[in-house]
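To start, the structure itself, in structure tokens.
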Amino acid sequence: MSIEQLLISDVEGERVVTGAQLPLRIGTGSDSDLRLPGPGGGPLLVLDLLDGAPFLQPVRRDGSVKLNGEPLTASRRLQDGDVFEYFGSRIDVGVSGSRAVLNVRLEDSAYVTRPPEMPGDAAAAAEEAIAPTAFKRASEARAAAPPTERHTLRWVVSGGLAVLVLAAWLLFTSKSIEFDVNPDEPDSLSISGGWFKLPLGNRVLLRQGEYTLQVEKAGYYDLSMDFVVDEAPNRTIEVELRRRPGEVTVDVTDGAEATVNINGVHVGAAPLGPVELEPGTYSVEVLSERYLPFSDAFRLEGLGQQSRITVQLVPRWSRVTLNSEPSGATVFVDDKAAGETPAVLELLEGKHTLSIVREGFKAWDGSVVAEPNTERTLPTVRLEAADARLRVTTIPRGANVTVDGRYRGQSPLTLDLSPDIDYTIGLSRAGYGSATRQVRLRSAASEELSVDLSARTGRVTVNVSPADAGVYVDGRARGTGNTTLDLSSAPKRIEVRKAGYETWTRTVTPRPGYPQTLAARLRSLEEVAAASVQREQESTLGHVLRRIEAGSFDLGASRREQGRRANEVIVPVSISRPFLIGVHEITNKQFAAFDPAHDSGSDVHASMAGDNNPVANVTWSQAVQYCNWLSAREGLEPVYKEEFGEWVAIRPFPNGYRLPTEAEWTWALRYEGNAGALRYPWGEDWPPRRDAGNFADQSADGIAPTLIPGYDDGFASTAPVGSFGTNAAGLADGGGNVAEWVNDYYSVPTPGRTQRVTDPLGPERGNTRVIRGSGWRHGGMTELRLSYRDHGDEARSDVGFRIARNLDE
């Protein structure tokens with residue numbers, strides 16, 4: 001009942017009072033809105049609305065005010081037919097719909113003057129009826145006179161008393177609520193809902209009802225939470241604000257090319273940032289080929305703040321200065337030309353061979369050990385004039401020339417050698433023979449050495465598919481279709497090409513006397529695109545997750561389906577993005593890495609504790625905490641957070657591990673990722689075929705409530721995961737073994753929905769969570785159907801879970 005209008009009928013006539021004009025004071029004093037004759041002064045009752053319904057609050061509790069013949073000493077709601085009495089004055093109450101009527105009757109009041117009684121004839125002859133007049137005190141009569149100072153004081157005192165009475169009533173009937181906000185001193189704290197709020201120090205007085213608290217503080221996520229004020233007189237509500245992420249920037253001095261790893265994960269090249277990270281302690285590593293690795297730890301406070309890490313990398317090289325007399329000589333470092341003297345060389349740490357060569361002078365050979373971040377000047381090398389010269393040429397040109405095993409360059413080349421010394425000249429080129437020559441020159445001699453390096457060939461046969469693909473060697477076309485080639489024994493790059501196909505490439509070194517055959521099957525571009533999609537990913541603990549493509553389908557089951565329950569309402573659904581879901585349910589061994597003391601139910605049946613059996617006897621909260629733990633191990637952002645002692649999912653989902661949504665579970669396990677809806681895990685017919693899954697079979701007699709007649713899967717309780725194969729999507733145990741927690745709160749959808757829902761996450765609030773699939777204790781047709789929906793909030797020996805993840809983009 002909600003009252004919108006109050007009609008008062010008394011000796012002064014009728015008047016209407018709206019809800020906005022309440023509360024209404026009923027009493028004997030001049031400060032009363034509805035006056036009654038009687039002793040004393042001030043209000044007797046206060047009439048107000050509570051939740052839209054009228055109620056009376058007694059001010060005078062001495063028993064002089066009676067309700068339906070009984071003293072009124074406590075507040076109560078106003079009801080149709082109530083009668084209030086005060087020294088003969090009477091108020092009849094009528095309530096109808098949104099309207100209440102107060103009919104004031106003073107005929108029997110002891111404080112109303114009545115007219116004298118007249119003889120019957122005289123009374124009948126009277127032309128004018130005399131109406132009863134309310135009794136007025138002398139002070140009230142004087143009130144009709146011009147205002148006086150005493151009259152004003154009386155009004156002030158009466159009004160003050162009324163305010164004090166109302167304030168006392170509110171104070172003594174309201175509830176004291178304290179908000180313990182962490183961190184303290186929020187920028188703003190506001191409460192919406194209700195009609196009365198009175199801050200008192202660090203507490204707020206509130207009436208019973210539902211409220212919404214909004215808290216804001218710079219650097220923290222805004223919080224909005226609902227709470228209920230009940231009958232408890234005092235209450236403290238703890239409010240935990242979650243820090244916003246911070247940003248980190250990594251700079252490297254000297255403009256060095258470097259890569260940055262945070263917590264062991266590659267995040268980009270330096271300079272890096274800003275990168276958004278959740279508050280916490282992180283390790284940073286900066287790697288560069290020419291610098292020593294840098295590593296450090298830093299703490300990010302979050303709160304939207306930016307942190308800058310400036311890294312001064314230490315060079316891995318030594319700066320070596322090398323001079324020669326005469327200058328202009330070529331310097332070789334590890335057989336590679338590195339400049340001319342005078343030269344400043346940046347040599348990476350370690351030992352290096354040096355050679356200084358100038359025509360007309362003897363070559364100088366030496367070595368140097370480079371130490372990181374040092375500078376060193378080697379003694380000046382004084383080259384000696386050569387006494388003999390040897391001109392080396394080869395067929396073909398470009399052969400490598402060594403003198404006593406030290407590289408000197410490529411032919412044609414002039415060597416300056418000391419006289420009367422035996423030298424070994426080495427000549428080689430890839431694909432050709434190698435040769436050595438012994439030489440000894442006289443003083444001031446000038447001689448020429450010419451060597452023909454004969455080609456060494458090997459036979460290579462290339463068989464191709466498609467048959468009209470072209471064969472290329474080092475970029476030159478050599479034939480179409482199956483081709484046999486005689487090639488020099490240097491490494492060759494073989495390619496097979498055809499438009500619309502991926503080019504096939506191999507590097508092969510022909511070997512004289514050892515024919516080789518290559519089979520080149522080209523893949524069409526469509527095959528390449530399909531194969532490029534990674535179908536599975538594996539976690540650090542060995543969880544294998546399968547990629548499931550997007551699709552559209554219906555949750556629920558038809559009313560005609562045998563065994564259907566009322567909560568299996570059909571809801572059209574679309575999943576817009578591919579996702580990853582565990583091939584198997586989480587095992588005891590995997591869960592033990594998170595909680596070594598957990599027991600899945602060895603007191604029910606010993607095999608339930610097996611390492612490779614699915615974990616069971618876990619709550620929804622334990623399952624999501626495992627997901628967060630696994631995310632932290634792999635440097636992923638956790639999906640779940642704790643709010644007021646309850647774990648909830650962050651929306652939209654971050655990239656960490658989580659439970660699948662009910663829609664994802666259904667699409668992957670019932671529809672098999674687009675293979676079509678199944679009634680049972682094994683197909684459409686009842687009973688299950690042999691080895692269809694781990695259900696309540698004959699071996700579970702005594703520990704399962706219902707058995708499938710004649711069915712025996714060989715496992716009394718849980719079985720090792722994957723014991724019964726996989727469905728068309730490559731997932732195991734969608735039916736049987738253990739039922740599975742999913743992410744959604746439980747609710748029953750409204751029937752008749754025709755508009756398709758995209759990526760549903762379920763209700764934002766609820767009391768229990770959805771459980772999907774059947775387990776080893778299920779043996780009925782209803783429970784073994786893949787559309788069966790269960791729910792709960794406690795651990796069970798036949799309920800476990802599998803993990804899921806958003807697909808990395």
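To be explicit about the labels: the chains of the structure tokens are called A, B, and onward in the order shown, and within each one the residues are counted from 1, while ligands get numbers from 1 in the order they are shown.
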
Margin query: What's around Ser787 of chain A at 7 Å? Count only C-alpha atoms, leave out sequence neighbours fewer than 3 positions away in its own chain, and write the answer as a ChimeraX atom specification.
Written below: /A:556-557,568

Notebook entry, point to check: So which residues touch Ala388 of chain A within 12 Å, counting only C-alpha atoms, skipping near sequence neighbours fewer than 3 positions away, as an NGL selection string?
Noted result: :A and (359-362 or 384-385 or 391 or 414-421 or 439-448)

Save the residues we just selected, N, CA and C atoms, as a compact mmCIF listing (two decimals), in the first residue's frame?
```
# COMPACT_ATOMS: atom_id res chain seq x y z
N GLU A 359 101.69 -4.44 -49.12
CA GLU A 359 102.50 -4.91 -50.25
C GLU A 359 103.88 -4.31 -50.15
N GLY A 360 104.90 -5.18 -50.38
CA GLY A 360 106.29 -4.77 -50.31
C GLY A 360 106.89 -4.96 -48.94
N PHE A 361 106.06 -5.44 -47.98
CA PHE A 361 106.54 -5.63 -46.63
C PHE A 361 106.13 -7.01 -46.14
N LYS A 362 106.88 -7.49 -45.18
CA LYS A 362 106.53 -8.76 -44.59
C LYS A 362 105.27 -8.61 -43.75
N GLU A 384 108.77 -4.97 -41.75
CA GLU A 384 110.06 -5.14 -42.41
C GLU A 384 109.87 -5.25 -43.91
N ALA A 385 110.79 -4.66 -44.65
CA ALA A 385 110.70 -4.73 -46.11
C ALA A 385 110.85 -6.18 -46.56
N ARG A 391 103.50 -14.03 -56.59
CA ARG A 391 102.19 -13.71 -57.18
C ARG A 391 101.39 -15.01 -57.29
N THR A 414 99.28 -10.95 -54.32
CA THR A 414 100.74 -10.87 -54.26
C THR A 414 101.17 -10.98 -52.82
N LEU A 415 102.04 -11.94 -52.52
CA LEU A 415 102.52 -12.18 -51.17
C LEU A 415 103.96 -11.71 -51.05
N ASP A 416 104.26 -11.01 -49.96
CA ASP A 416 105.62 -10.60 -49.66
C ASP A 416 106.17 -11.54 -48.60
N LEU A 417 107.25 -12.25 -48.94
CA LEU A 417 107.76 -13.31 -48.07
C LEU A 417 109.23 -13.07 -47.78
N SER A 418 109.66 -13.61 -46.66
CA SER A 418 111.08 -13.54 -46.32
C SER A 418 111.84 -14.58 -47.15
N PRO A 419 113.04 -14.25 -47.56
CA PRO A 419 113.81 -15.20 -48.39
C PRO A 419 114.35 -16.36 -47.55
N ASP A 420 114.63 -17.43 -48.26
CA ASP A 420 115.30 -18.59 -47.70
C ASP A 420 114.51 -19.22 -46.53
N ILE A 421 113.20 -19.16 -46.61
CA ILE A 421 112.32 -19.79 -45.61
C ILE A 421 111.30 -20.63 -46.36
N VAL A 439 106.85 -23.51 -51.08
CA VAL A 439 107.68 -22.55 -51.82
C VAL A 439 108.81 -22.09 -50.91
N ARG A 440 109.95 -21.76 -51.58
CA ARG A 440 111.11 -21.15 -50.90
C ARG A 440 111.73 -20.19 -51.89
N LEU A 441 111.80 -18.93 -51.52
CA LEU A 441 112.24 -17.89 -52.46
C LEU A 441 113.61 -17.38 -52.05
N ARG A 442 114.35 -16.99 -53.09
CA ARG A 442 115.64 -16.37 -52.84
C ARG A 442 115.46 -14.90 -52.54
N SER A 443 116.45 -14.28 -52.02
CA SER A 443 116.41 -12.85 -51.71
C SER A 443 116.16 -12.06 -52.98
N ALA A 444 115.20 -11.09 -52.87
CA ALA A 444 114.84 -10.19 -53.98
C ALA A 444 114.21 -10.91 -55.15
N ALA A 445 113.78 -12.15 -54.97
CA ALA A 445 113.14 -12.91 -56.06
C ALA A 445 111.71 -12.46 -56.23
N SER A 446 111.18 -12.63 -57.42
CA SER A 446 109.78 -12.33 -57.74
C SER A 446 109.28 -13.47 -58.61
N GLU A 447 108.36 -14.28 -58.05
CA GLU A 447 107.89 -15.45 -58.76
C GLU A 447 106.36 -15.49 -58.76
N GLU A 448 105.84 -16.37 -59.63
CA GLU A 448 104.39 -16.50 -59.77
C GLU A 448 104.00 -17.94 -59.55
```

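Atom CA of Thr666 of chain A is found 14.6 Å from atom CA of Arg546 of chain A.
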
Checklist line | Top pick for closest residue to Glu495 of chain A, considering A:Leu707, A:Ile177, A:Ala469, A:Ala632 and counting only C-alpha atoms | finding: A:Ala469

Margin query: Residues of segment 144-239 of chain A classed as helix (DSSP H, G or I) by DSSP on the backbone are to be reported as JSON, numbers by chain.
Written below: {"A": [149, 150, 151, 152, 153, 154, 155, 156, 157, 158, 159, 160, 161, 162, 163, 164, 165, 166, 167, 168, 169, 170, 171, 172, 173]}

Okay, now the selection with N, CA and C atoms, as a PDB file, in the first residue's frame?
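Dumped to part29.pdb:
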```pdb
ATOM      1  N   GLU A 149       5.450  39.862  22.960  1.00  0.00           N
ATOM      2  CA  GLU A 149       6.765  39.237  23.125  1.00  0.00           C
ATOM      3  C   GLU A 149       6.644  37.860  23.736  1.00  0.00           C
ATOM      4  N   ARG A 150       5.681  37.689  24.664  1.00  0.00           N
ATOM      5  CA  ARG A 150       5.479  36.393  25.292  1.00  0.00           C
ATOM      6  C   ARG A 150       4.964  35.375  24.293  1.00  0.00           C
ATOM      7  N   HIS A 151       4.088  35.790  23.396  1.00  0.00           N
ATOM      8  CA  HIS A 151       3.536  34.887  22.374  1.00  0.00           C
ATOM      9  C   HIS A 151       4.654  34.369  21.444  1.00  0.00           C
ATOM     10  N   THR A 152       5.560  35.242  21.050  1.00  0.00           N
ATOM     11  CA  THR A 152       6.668  34.837  20.161  1.00  0.00           C
ATOM     12  C   THR A 152       7.560  33.811  20.842  1.00  0.00           C
ATOM     13  N   LEU A 153       7.854  34.083  22.142  1.00  0.00           N
ATOM     14  CA  LEU A 153       8.706  33.141  22.869  1.00  0.00           C
ATOM     15  C   LEU A 153       8.067  31.773  22.956  1.00  0.00           C
ATOM     16  N   ARG A 154       6.739  31.770  23.144  1.00  0.00           N
ATOM     17  CA  ARG A 154       6.043  30.486  23.240  1.00  0.00           C
ATOM     18  C   ARG A 154       6.144  29.688  21.943  1.00  0.00           C
ATOM     19  N   TRP A 155       6.019  30.364  20.811  1.00  0.00           N
ATOM     20  CA  TRP A 155       6.147  29.670  19.515  1.00  0.00           C
ATOM     21  C   TRP A 155       7.562  29.120  19.311  1.00  0.00           C
ATOM     22  N   VAL A 156       8.550  29.901  19.703  1.00  0.00           N
ATOM     23  CA  VAL A 156       9.936  29.440  19.539  1.00  0.00           C
ATOM     24  C   VAL A 156      10.195  28.208  20.378  1.00  0.00           C
ATOM     25  N   VAL A 157       9.729  28.254  21.629  1.00  0.00           N
ATOM     26  CA  VAL A 157       9.940  27.107  22.521  1.00  0.00           C
ATOM     27  C   VAL A 157       9.217  25.872  21.999  1.00  0.00           C
ATOM     28  N   SER A 158       7.966  26.062  21.544  1.00  0.00           N
ATOM     29  CA  SER A 158       7.208  24.911  21.028  1.00  0.00           C
ATOM     30  C   SER A 158       7.880  24.315  19.798  1.00  0.00           C
ATOM     31  N   GLY A 159       8.316  25.188  18.875  1.00  0.00           N
ATOM     32  CA  GLY A 159       9.001  24.670  17.674  1.00  0.00           C
ATOM     33  C   GLY A 159      10.286  23.961  18.010  1.00  0.00           C
ATOM     34  N   GLY A 160      11.041  24.531  18.968  1.00  0.00           N
ATOM     35  CA  GLY A 160      12.293  23.872  19.352  1.00  0.00           C
ATOM     36  C   GLY A 160      12.057  22.501  19.956  1.00  0.00           C
ATOM     37  N   LEU A 161      11.011  22.408  20.809  1.00  0.00           N
ATOM     38  CA  LEU A 161      10.700  21.108  21.398  1.00  0.00           C
ATOM     39  C   LEU A 161      10.313  20.091  20.336  1.00  0.00           C
ATOM     40  N   ALA A 162       9.538  20.530  19.323  1.00  0.00           N
ATOM     41  CA  ALA A 162       9.133  19.609  18.250  1.00  0.00           C
ATOM     42  C   ALA A 162      10.352  19.106  17.485  1.00  0.00           C
ATOM     43  N   VAL A 163      11.275  20.045  17.200  1.00  0.00           N
ATOM     44  CA  VAL A 163      12.500  19.637  16.476  1.00  0.00           C
ATOM     45  C   VAL A 163      13.311  18.663  17.310  1.00  0.00           C
ATOM     46  N   LEU A 164      13.438  18.940  18.610  1.00  0.00           N
ATOM     47  CA  LEU A 164      14.194  18.037  19.472  1.00  0.00           C
ATOM     48  C   LEU A 164      13.568  16.653  19.533  1.00  0.00           C
ATOM     49  N   VAL A 165      12.213  16.631  19.617  1.00  0.00           N
ATOM     50  CA  VAL A 165      11.541  15.330  19.655  1.00  0.00           C
ATOM     51  C   VAL A 165      11.784  14.548  18.373  1.00  0.00           C
ATOM     52  N   LEU A 166      11.658  15.234  17.219  1.00  0.00           N
ATOM     53  CA  LEU A 166      11.879  14.558  15.934  1.00  0.00           C
ATOM     54  C   LEU A 166      13.324  14.092  15.802  1.00  0.00           C
ATOM     55  N   ALA A 167      14.254  14.967  16.226  1.00  0.00           N
ATOM     56  CA  ALA A 167      15.669  14.583  16.135  1.00  0.00           C
ATOM     57  C   ALA A 167      15.965  13.392  17.030  1.00  0.00           C
ATOM     58  N   ALA A 168      15.384  13.407  18.243  1.00  0.00           N
ATOM     59  CA  ALA A 168      15.619  12.277  19.142  1.00  0.00           C
ATOM     60  C   ALA A 168      15.073  10.984  18.565  1.00  0.00           C
ATOM     61  N   TRP A 169      13.900  11.094  17.946  1.00  0.00           N
ATOM     62  CA  TRP A 169      13.304   9.884  17.338  1.00  0.00           C
ATOM     63  C   TRP A 169      14.191   9.339  16.220  1.00  0.00           C
ATOM     64  N   LEU A 170      14.686  10.257  15.380  1.00  0.00           N
ATOM     65  CA  LEU A 170      15.553   9.810  14.282  1.00  0.00           C
ATOM     66  C   LEU A 170      16.847   9.215  14.820  1.00  0.00           C
ATOM     67  N   LEU A 171      17.426   9.863  15.839  1.00  0.00           N
ATOM     68  CA  LEU A 171      18.698   9.377  16.375  1.00  0.00           C
ATOM     69  C   LEU A 171      18.560   7.999  16.992  1.00  0.00           C
ATOM     70  N   PHE A 172      17.473   7.794  17.742  1.00  0.00           N
ATOM     71  CA  PHE A 172      17.332   6.534  18.459  1.00  0.00           C
ATOM     72  C   PHE A 172      16.814   5.402  17.585  1.00  0.00           C
ATOM     73  N   THR A 173      16.257   5.703  16.429  1.00  0.00           N
ATOM     74  CA  THR A 173      15.739   4.641  15.553  1.00  0.00           C
ATOM     75  C   THR A 173      16.621   4.397  14.341  1.00  0.00           C
TER      76      THR A 173
END
```

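Atom pair atom CA of Glu231 of chain A / atom CA of Leu205 of chain A: separated by 12.7 Å.
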
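With only C-alpha atoms as the atoms that count, the minimum distance from Gly280 of chain A to the choices A:Leu485, A:Tyr711, A:Glu637, A:Trp364 is reached by A:Glu637.
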
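If you look at atom CA of Ala592 of chain A and atom CA of Arg633 of chain A, they are 14.6 Å away from each other.
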
Check: Hey, which of A:Pro43, A:Pro372, A:Gly725, A:Pro37 ends up closest to Gly88 of chain A? Count only C-alpha atoms.
Finding: A:Pro37
